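> Provided below: entry-v1.txt, containing compact mmCIF, C-alpha atoms.
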# COMPACT_ATOMS: atom_id res chain seq x y z
CA MET J 91 105.96 98.28 118.59
CA PRO J 92 107.85 100.57 121.04
CA PRO J 93 106.38 100.63 124.57
CA LEU J 94 105.36 104.31 124.57
CA ASN J 95 103.80 104.30 121.10
CA ASP J 96 100.42 105.40 122.53
CA ILE J 97 101.80 108.20 124.75
CA THR J 98 101.67 111.90 123.84
CA VAL J 99 103.90 114.36 125.69
CA ILE J 100 103.48 118.13 125.61
CA ASP J 101 106.87 119.63 126.35
CA PHE J 102 107.41 123.20 127.59
CA SER J 103 111.07 122.65 128.51
CA THR J 104 114.17 124.20 126.95
CA LEU J 105 117.94 123.74 126.82
CA LEU J 106 119.06 120.37 128.20
CA PRO J 107 117.27 118.54 131.07
CA GLY J 108 113.69 118.47 129.78
CA PRO J 109 114.57 118.09 126.10
CA MET J 110 116.86 115.15 126.86
CA ALA J 111 114.12 113.56 128.99
CA THR J 112 111.56 113.91 126.21
CA GLY J 113 114.18 112.69 123.74
CA ILE J 114 114.45 109.47 125.74
CA LEU J 115 110.67 109.12 125.78
CA ALA J 116 110.65 109.71 122.02
CA ASP J 117 113.23 106.95 121.57
CA ALA J 118 110.72 104.65 123.29
CA GLY J 119 107.98 105.68 120.87
CA ALA J 120 106.25 108.64 122.53
CA LYS J 121 104.98 111.54 120.41
CA ILE J 122 106.60 114.75 121.68
CA ILE J 123 104.90 118.10 121.00
CA LYS J 124 107.45 120.80 121.81
CA VAL J 125 105.98 124.21 122.70
CA GLU J 126 108.33 127.08 121.81
CA ARG J 127 108.29 130.87 121.93
CA PRO J 128 107.17 132.35 118.59
CA ASP J 129 110.10 134.73 118.19
CA SER J 130 113.19 132.61 118.87
CA GLY J 131 112.02 129.25 120.16
CA ASP J 132 114.06 127.12 122.53
CA GLU J 133 117.24 128.98 123.56
CA MET J 134 119.24 125.95 122.46
CA ARG J 135 118.50 126.89 118.84
CA SER J 136 121.00 129.75 119.30
CA TYR J 137 123.80 127.64 120.82
CA PRO J 138 126.86 126.94 118.64
CA PRO J 139 128.23 124.99 116.88
CA PHE J 140 126.11 125.32 113.76
CA VAL J 141 125.64 123.49 110.48
CA ASP J 142 124.13 125.84 107.89
CA GLU J 143 122.91 128.09 110.73
CA LYS J 144 121.25 125.16 112.51
CA SER J 145 122.39 124.40 116.06
CA ILE J 146 123.89 120.94 116.34
CA ASN J 147 123.04 120.85 120.05
CA PHE J 148 119.38 121.60 119.38
CA ALA J 149 119.23 119.08 116.56
CA MET J 150 120.65 116.29 118.69
CA LEU J 151 118.33 116.91 121.63
CA ASN J 152 115.14 117.41 119.62
CA LYS J 153 115.30 114.94 116.77
CA GLY J 154 111.98 113.41 115.83
CA LYS J 155 109.83 115.85 117.83
CA HIS J 156 107.01 118.11 116.69
CA SER J 157 107.43 121.87 117.20
CA ILE J 158 104.63 124.34 117.75
CA SER J 159 105.16 128.03 118.44
CA ALA J 160 102.81 129.76 120.82
CA ASP J 161 102.73 132.86 123.00
CA LEU J 162 101.69 131.51 126.38
CA LYS J 163 100.76 135.02 127.54
CA ASP J 164 98.17 135.28 124.77
CA GLU J 165 94.83 134.01 126.05
CA ALA J 166 93.61 132.72 122.68
CA GLN J 167 96.80 130.77 122.04
CA ARG J 168 96.82 129.50 125.60
CA THR J 169 93.31 128.16 125.03
CA GLN J 170 94.58 126.24 122.01
CA ILE J 171 97.44 124.85 124.10
CA LYS J 172 94.94 123.71 126.72
CA GLU J 173 93.12 121.74 124.04
CA LEU J 174 96.38 119.91 123.34
CA ILE J 175 96.91 119.34 127.06
CA ALA J 176 93.48 117.75 127.27
CA ARG J 177 94.61 115.14 124.73
CA SER J 178 98.07 114.54 126.23
CA ASP J 179 99.34 111.93 128.66
CA VAL J 180 102.36 113.79 130.02
CA LEU J 181 103.27 117.45 130.49
CA ILE J 182 106.87 118.51 131.16
CA GLU J 183 107.83 122.02 132.19
CA GLN J 184 111.13 123.50 133.28
CA PHE J 185 110.31 127.04 134.38
CA ARG J 186 111.14 128.47 137.79
CA PRO J 187 108.44 127.62 140.33
CA GLY J 188 105.45 129.95 139.98
CA VAL J 189 105.72 130.68 136.25
CA MET J 190 103.20 128.05 135.13
CA GLN J 191 100.83 129.15 137.88
CA ARG J 192 100.91 132.73 136.61
CA LEU J 193 100.10 131.41 133.14
CA GLY J 194 97.16 129.39 134.48
CA LEU J 195 98.94 126.17 133.50
CA ASP J 196 100.01 124.85 136.90
CA TYR J 197 99.04 121.34 137.95
CA GLU J 198 95.92 122.39 139.85
CA GLN J 199 94.56 124.08 136.72
CA VAL J 200 95.76 121.44 134.28
CA LYS J 201 94.26 118.48 136.17
CA LYS J 202 90.84 120.14 135.79
CA ILE J 203 91.36 119.92 132.04
CA ASN J 204 92.87 116.45 132.13
CA PRO J 205 92.75 114.52 135.43
CA GLN J 206 94.84 111.72 133.90
CA ILE J 207 97.80 113.94 133.05
CA ILE J 208 101.27 113.16 134.43
CA TYR J 209 102.63 116.62 135.23
CA CYS J 210 106.43 116.72 135.55
CA SER J 211 108.21 119.85 136.77
CA ILE J 212 112.00 120.04 136.48
CA ASN J 213 113.77 122.79 138.40
CA GLY J 214 116.99 123.45 140.27
CA TRP J 215 116.06 123.55 143.93
CA GLY J 216 112.46 122.39 144.30
CA SER J 217 109.36 124.52 144.82
CA HIS J 218 109.07 124.63 148.60
CA ALA J 219 112.33 125.84 150.13
CA SER J 220 114.52 128.90 150.56
CA LYS J 221 116.45 128.55 147.26
CA THR J 222 113.35 128.04 145.13
CA GLN J 223 113.82 131.19 143.04
CA MET J 224 117.61 131.12 142.88
CA PRO J 225 118.91 130.83 139.31
CA GLY J 226 121.58 128.26 138.60
CA HIS J 227 123.27 126.00 136.12
CA ASP J 228 124.98 122.64 136.39
CA LEU J 229 128.18 124.13 137.85
CA ASN J 230 126.22 125.92 140.59
CA PHE J 231 124.39 122.76 141.60
CA MET J 232 127.64 120.80 141.84
CA ALA J 233 129.22 123.63 143.81
CA GLU J 234 126.41 123.89 146.35
CA THR J 235 126.10 120.15 146.95
CA GLY J 236 129.78 119.75 147.87
CA ILE J 237 130.80 117.79 144.80
CA LEU J 238 133.24 120.35 143.42
CA SER J 239 135.06 120.54 146.74
CA LEU J 240 136.21 116.95 146.17
CA THR J 241 137.69 117.48 142.70
CA THR J 242 140.69 119.66 143.52
CA ASP J 243 144.11 119.62 141.89
CA SER J 244 147.43 119.74 143.77
CA THR J 245 146.97 123.46 144.48
CA GLY J 246 143.53 122.95 146.02
CA LYS J 247 141.64 124.49 143.10
CA PRO J 248 138.51 122.54 142.10
CA SER J 249 138.47 121.24 138.55
CA LEU J 250 135.81 122.27 136.06
CA PRO J 251 133.80 119.09 135.27
CA PRO J 252 133.44 118.34 131.54
CA ILE J 253 130.05 116.68 132.01
CA LEU J 254 126.67 118.20 132.87
CA ALA J 255 125.83 115.81 135.68
CA ALA J 256 123.05 117.84 137.31
CA ASP J 257 121.18 118.49 134.07
CA ILE J 258 121.34 114.90 132.86
CA ALA J 259 121.76 112.59 135.85
CA GLY J 260 119.97 114.93 138.26
CA GLY J 261 117.30 116.17 135.86
CA ALA J 262 116.65 114.26 132.65
CA TYR J 263 117.10 110.73 133.95
CA PRO J 264 115.04 111.12 137.16
CA ALA J 265 112.33 112.82 135.10
CA VAL J 266 112.07 109.80 132.80
CA ILE J 267 112.11 107.36 135.73
CA ASN J 268 109.36 109.19 137.59
CA ILE J 269 107.21 109.71 134.50
CA LEU J 270 107.32 105.98 133.78
CA LEU J 271 106.48 105.20 137.41
CA ALA J 272 103.60 107.67 137.30
CA LEU J 273 102.28 106.14 134.07
CA ARG J 274 102.35 102.73 135.75
CA GLN J 275 100.51 104.15 138.76
CA ARG J 276 97.93 105.67 136.42
CA GLU J 277 97.26 102.21 134.99
CA GLN J 278 96.39 101.11 138.52
CA THR J 279 94.41 104.15 139.72
CA GLY J 280 93.08 105.77 136.54
CA THR J 281 94.29 109.20 137.62
CA GLY J 282 97.40 111.24 136.96
CA CYS J 283 99.69 113.00 139.39
CA GLN J 284 102.38 115.65 139.71
CA VAL J 285 106.07 114.82 140.06
CA GLU J 286 108.78 117.36 140.84
CA ILE J 287 112.40 116.85 139.87
CA ALA J 288 114.85 119.05 141.83
CA MET J 289 118.18 118.68 140.04
CA ALA J 290 120.47 119.78 142.88
CA GLU J 291 119.26 117.25 145.44
CA ASN J 292 119.39 114.46 142.86
CA LEU J 293 123.18 114.82 142.84
CA TYR J 294 123.48 113.51 146.40
CA PRO J 295 123.08 109.82 145.49
CA PHE J 296 126.44 110.15 143.70
CA LEU J 297 127.96 110.84 147.12
CA TYR J 298 126.38 107.82 148.82
CA TRP J 299 129.79 106.63 150.03
CA ALA J 300 130.52 109.99 151.64
CA LEU J 301 127.06 110.45 153.14
CA GLY J 302 127.26 107.16 155.01
CA ASN J 303 130.52 108.12 156.69
CA ALA J 304 129.30 111.64 157.37
CA PHE J 305 125.95 110.70 158.89
CA ALA J 306 127.10 107.67 160.84
CA LEU J 307 130.63 108.58 161.89
CA GLN J 308 130.87 112.35 161.37
CA LYS J 309 133.80 111.59 159.04
CA TRP J 310 133.70 114.11 156.24
CA PRO J 311 135.35 113.41 152.87
CA GLU J 312 138.35 115.37 151.72
CA PRO J 313 139.92 115.79 148.29
CA ASN J 314 142.95 113.59 147.66
CA ASN J 315 142.28 111.70 150.87
CA ASP J 316 139.49 109.14 150.38
CA LEU J 317 139.14 105.99 148.34
CA VAL J 318 137.64 107.62 145.24
CA THR J 319 139.07 111.12 145.66
CA GLY J 320 142.76 110.25 145.33
CA GLY J 321 143.70 108.90 148.75
CA SER J 322 144.26 105.31 147.63
CA PRO J 323 146.84 103.81 145.25
CA ARG J 324 144.07 101.49 144.10
CA TYR J 325 142.04 104.32 142.56
CA GLN J 326 144.53 106.68 141.06
CA ILE J 327 145.81 108.39 137.93
CA TYR J 328 149.49 107.85 137.14
CA ARG J 329 151.73 109.57 134.59
CA THR J 330 153.68 107.38 132.15
CA LYS J 331 157.14 107.91 130.67
CA ASP J 332 155.69 109.41 127.48
CA ASN J 333 153.49 111.83 129.46
CA ARG J 334 150.27 109.92 128.94
CA TYR J 335 148.12 109.00 131.91
CA LEU J 336 147.01 105.65 133.27
CA ALA J 337 143.69 105.28 135.09
CA ALA J 338 144.34 102.52 137.62
CA ALA J 339 141.37 101.12 139.58
CA PRO J 340 142.48 97.73 140.97
CA LEU J 341 140.20 98.08 143.99
CA GLU J 342 139.51 94.43 144.81
CA GLN J 343 142.39 92.44 146.29
CA LYS J 344 142.60 90.05 143.33
CA PHE J 345 143.05 92.98 140.95
CA TRP J 346 145.51 94.69 143.29
CA ASN J 347 147.58 91.50 143.52
CA ASN J 348 147.72 91.27 139.71
CA PHE J 349 148.57 94.94 139.40
CA THR J 350 151.39 94.98 141.95
CA ARG J 351 152.88 91.77 140.52
CA LEU J 352 152.87 93.06 136.95
CA ILE J 353 154.45 96.41 137.79
CA GLY J 354 156.96 94.82 140.15
CA LEU J 355 156.00 96.72 143.28
CA PRO J 356 158.16 95.55 146.23
CA ASP J 357 156.21 93.56 148.82
CA GLU J 358 156.93 96.11 151.54
CA TYR J 359 154.70 98.63 149.71
CA ALA J 360 152.02 96.23 148.47
CA ASP J 361 150.17 96.43 151.80
CA ASP J 362 148.69 99.83 151.03
CA GLN J 363 146.92 100.08 154.39
CA LYS J 364 150.18 100.82 156.19
CA ASN J 365 151.08 104.01 154.34
CA PRO J 366 148.84 104.75 151.34
CA ALA J 367 150.67 107.95 150.43
CA LEU J 368 154.03 106.15 150.28
CA THR J 369 152.54 103.36 148.15
CA ILE J 370 151.10 105.94 145.75
CA GLU J 371 154.54 107.51 145.47
CA LYS J 372 156.28 104.20 144.77
CA VAL J 373 153.67 103.11 142.21
CA ALA J 374 153.93 106.50 140.51
CA ASP J 375 157.71 106.12 140.21
CA ILE J 376 157.32 102.70 138.61
CA ILE J 377 154.60 103.78 136.16
CA LYS J 378 156.82 106.70 135.09
CA SER J 379 159.52 104.25 134.05
CA LYS J 380 157.66 102.89 131.00
CA THR J 381 155.63 104.32 128.14
CA SER J 382 151.87 104.03 127.90
CA SER J 383 152.09 101.46 125.10
CA GLN J 384 154.48 99.34 127.14
CA TRP J 385 152.09 99.36 130.10
CA MET J 386 149.11 98.54 127.93
CA GLU J 387 150.98 95.57 126.54
CA ILE J 388 151.90 94.41 130.05
CA PHE J 389 148.32 94.78 131.35
CA ALA J 390 146.59 93.26 128.31
CA GLY J 391 144.32 90.40 129.39
CA GLN J 392 145.60 90.45 132.96
CA ASP J 393 142.55 91.67 134.94
CA THR J 394 144.04 94.76 136.52
CA CYS J 395 141.28 97.35 135.85
CA CYS J 396 143.79 99.68 134.22
CA SER J 397 143.04 101.91 131.26
CA LEU J 398 144.91 104.46 129.22
CA ILE J 399 143.22 107.85 129.41
CA LEU J 400 142.07 108.53 125.86
CA SER J 401 141.11 111.69 124.10
CA LEU J 402 137.52 111.75 122.86
CA GLN J 403 138.82 111.30 119.31
CA GLU J 404 140.80 108.23 120.37
CA ALA J 405 137.86 106.85 122.32
CA LEU J 406 135.44 107.12 119.39
CA ALA J 407 137.92 105.25 117.19
CA ASP J 408 137.67 102.18 119.44
CA PRO J 409 136.03 99.41 117.35
CA HIS J 410 134.08 98.29 120.44
CA TRP J 411 131.50 101.04 119.89
CA ALA J 412 131.00 100.08 116.25
CA GLU J 413 130.59 96.44 117.24
CA ARG J 414 127.90 97.54 119.70
CA ASN J 415 126.20 99.83 117.12
CA VAL J 416 126.39 102.64 119.67
CA PHE J 417 126.41 105.38 117.04
CA ALA J 418 124.40 103.54 114.40
CA GLN J 419 121.39 105.87 114.51
CA LYS J 420 121.80 108.83 112.16
CA GLN J 421 120.17 112.20 111.93
CA LYS J 422 120.17 114.99 109.39
CA ILE J 423 121.08 118.58 110.14
CA LYS J 424 120.14 120.38 106.95
CA ASP J 425 121.86 118.21 104.31
CA VAL J 426 124.56 116.89 106.63
CA GLN J 427 124.18 113.40 108.06
CA VAL J 428 125.70 112.86 111.51
CA ALA J 429 125.55 110.18 114.17
CA ALA J 430 122.94 110.81 116.85
CA TYR J 431 124.09 110.72 120.46
CA PRO J 432 123.59 107.22 121.89
CA SER J 433 120.15 106.38 123.25
CA VAL J 434 119.87 104.94 126.75
CA VAL J 435 116.75 103.04 125.65
CA ALA J 436 117.59 99.37 125.10
CA PRO J 437 117.49 98.36 121.42
CA GLY J 438 114.53 96.03 121.89
CA LEU J 439 112.42 98.89 123.33
CA ARG J 440 113.60 101.60 120.97
CA GLN J 441 111.69 103.19 118.12
CA ASN J 442 113.11 101.97 114.83
CA SER J 443 113.99 105.26 113.17
CA PRO J 444 117.21 104.99 111.17
CA GLU J 445 117.36 108.72 110.44
CA LEU J 446 115.64 111.59 112.23
CA THR J 447 115.60 115.38 111.90
CA ALA J 448 114.92 118.16 114.37
CA PRO J 449 111.84 120.31 113.68
CA GLU J 450 111.85 123.85 112.38
CA LEU J 451 110.33 126.38 114.79
CA GLY J 452 106.54 126.08 114.57
CA GLU J 453 106.75 123.43 111.86
CA HIS J 454 103.78 121.48 113.24
CA ASN J 455 101.43 124.33 114.22
CA ALA J 456 98.88 123.47 111.56
CA LYS J 457 99.03 119.75 112.35
CA HIS J 458 98.09 120.47 115.98
CA GLY J 459 95.44 123.11 115.34
CA LEU J 460 97.41 126.28 116.09
CA ALA J 461 97.16 129.31 113.83
Could you quickly redo this structure as structure tokens?

Amino acid sequence: MPPLNDITVIDFSTLLPGPMATGILADAGAKIIKVERPDSGDEMRSYPPFVDEKSINFAMLNKGKHSISADLKDEAQRTQIKELIARSDVLIEQFRPGVMQRLGLDYEQVKKINPQIIYCSINGWGSHASKTQMPGHDLNFMAETGILSLTTDSTGKPSLPPILAADIAGGAYPAVINILLALRQREQTGTGCQVEIAMAENLYPFLYWALGNAFALQKWPEPNNDLVTGGSPRYQIYRTKDNRYLAAAPLEQKFWNNFTRLIGLPDEYADDQKNPALTIEKVADIIKSKTSSQWMEIFAGQDTCCSLILSLQEALADPHWAERNVFAQKQKIKDVQVAAYPSVVAPGLRQNSPELTAPELGEHNAKHGLA
């Protein structure tokens, strides 16, 4: 039996952070009741790409959940929602601070209905500071925490990250962690609590290496100058003869020794502490002399921490993922069966659902007592 089999979550969130968090809880067995606007539902339902007019993004994030449609500004429907809240273990909301209070569904009101509720609020900046009401998306959070300033190309222009780090690693994952901690605390105390997840500030742990230098030594990181921003030959991307790219990360000395020996780097440049920029230049010249396949053959089984940069299509073709059953779970979007995105819940704790579907808007209204 999955560990959250007896947990019911009422979910007011939309788009990515909250729905991914509740998706993780669902993978561990929780029942998720998704509350959506009656007219259009979660905005993610309108996001392309589509299969038979159904959003693939929505389907992936909301598989296996229940959907109810309700107008939270309607007092009668809000009363019905409160009845669901009274029977729930966890509430997740993702509005700007103040919205749930105006609806009479803030924590102070909800705990009167259900003192055992775990009330999780996910927002961008937190509810008690100057940026509280500022709108933002993942790119904004990475910009205003200094992360984008460290991802520049040779012209100094920051690169556009292809991952939604703030939404997922700053929002969804901390939400799950804190909900589980709060449930454990409830076992000890018998009462619930409120937890707030501010996505922007949760990005700072990714800069732990920079924060230590900054706080202790007033040494601020720069793009293309520090260990993990391009300033070291031991953590670098090199172009090959056939215009592919090699991700080289031989950080530890044993890996660096293997790497320099295999590429034939002259000893005078192997001590990369003397002149890192010159070593990078010499290594780059050597890597450019052979094709990617030649380098992969040379590095095979040699413990160098070197990888060929793959396209997503190439990466998914790697048999490693099939051997690990990473994409084994399937879901249906209309009549099309696709692989679900991989669950972060360990297989032994995961709900055994070989194929799941995402709910239609309001599909479960009658089941949960809504007109």
> Find the residue from J:Ser220, J:Asn152, J:Asn365, J:Ser433 that sits nearest to Thr104 (chain J); use only C-alpha atoms when measuring.
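Using only C-alpha atoms, the shortest distance to Thr104 (chain J) belongs to J:Asn152.
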> Given 4 Å on each side, where is the centre and what are the edge lengths in Å to one decimal of the axis-aligned box enclosing the listed atoms of region 446-454 of chain J, as JSON?

{"center_x": 109.7, "center_y": 119.0, "center_z": 113.3, "size_x": 19.9, "size_y": 22.8, "size_z": 10.9}
> Rank J:Asp96, J:Asp425, J:Asp161, J:Asp142 by their smallest atom-to-atom distance to Val125 (chain J), using only C-alpha atoms, and report the top residue only.
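So, comparing all the options, the nearest one is J:Asp161.
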> Could you pull the residues within 9 Å of Ile377 (chain J), counting all atoms listed in the file, minus those fewer than 5 positions along the same chain, as a ChimeraX atom specification?
/J:328-331,336,353,372,382,385
> Would you pick out the contacts of Thr369 (chain J) at 7 Å or less, using only C-alpha atoms, so that residues sharing its chain but fewer than 5 positions from it are not included, and give the list as a ChimeraX atom specification?
/J:323,359,362
> Can I get the selection written as a compact mmCIF listing (two decimals), in the frame of the given file, with C-alpha atoms?

# COMPACT_ATOMS: atom_id res chain seq x y z
CA PRO J 323 146.84 103.81 145.25
CA TYR J 359 154.70 98.63 149.71
CA ASP J 362 148.69 99.83 151.03
> Which polymer residues have any atom within 12 Å of an atom of Pro295 (chain J), counting only C-alpha atoms, with same-chain residues fewer than 2 positions away left out, as a list in words?
Thr235, Ile237, Ala255, Ala256, Ala259, Gly260, Pro264, Met289, Ala290, Glu291, Asn292, Leu293, Leu297, Tyr298, Trp299, Ala300, Leu301 and Gly302 of chain J
> Measuring between only C-alpha atoms, which one of J:Leu273, J:Ala405, J:Ala448, J:Leu162 shows the shortest distance to Gln421 (chain J)?
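Using only C-alpha atoms, Gln421 (chain J) sits closest to J:Ala448.
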> Using Å and a single decimal, report how far CA of Pro107 (chain J) sits from CA of Ile203 (chain J).
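Answer for the CA of Ile203 (chain J) to CA of Pro107 (chain J) separation: 26.0 Å.
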> Using all atoms listed in the file, can you tell me which of J:Ala166, J:Met232, J:Leu352, J:Ala360 comes closest to Phe296 (chain J)?
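Selected residue with least distance to Phe296 (chain J): J:Met232.
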> Name the closest residue to Lys201 (chain J) among the candidates J:Gln284, J:Gln308, J:Asn314, J:Gln384; distances are taken between atoms, counting all atoms listed in the file.
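With all atoms listed in the file as the atom set, the closest residue is J:Gln284.
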> Which residue is closest to Gln343 (chain J)? Choose from J:Asp393, J:Asp164, J:Asp228, J:Asp179 and count only C-alpha atoms.
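When distances to Gln343 (chain J) are compared using only C-alpha atoms, the smallest one comes from J:Asp393.
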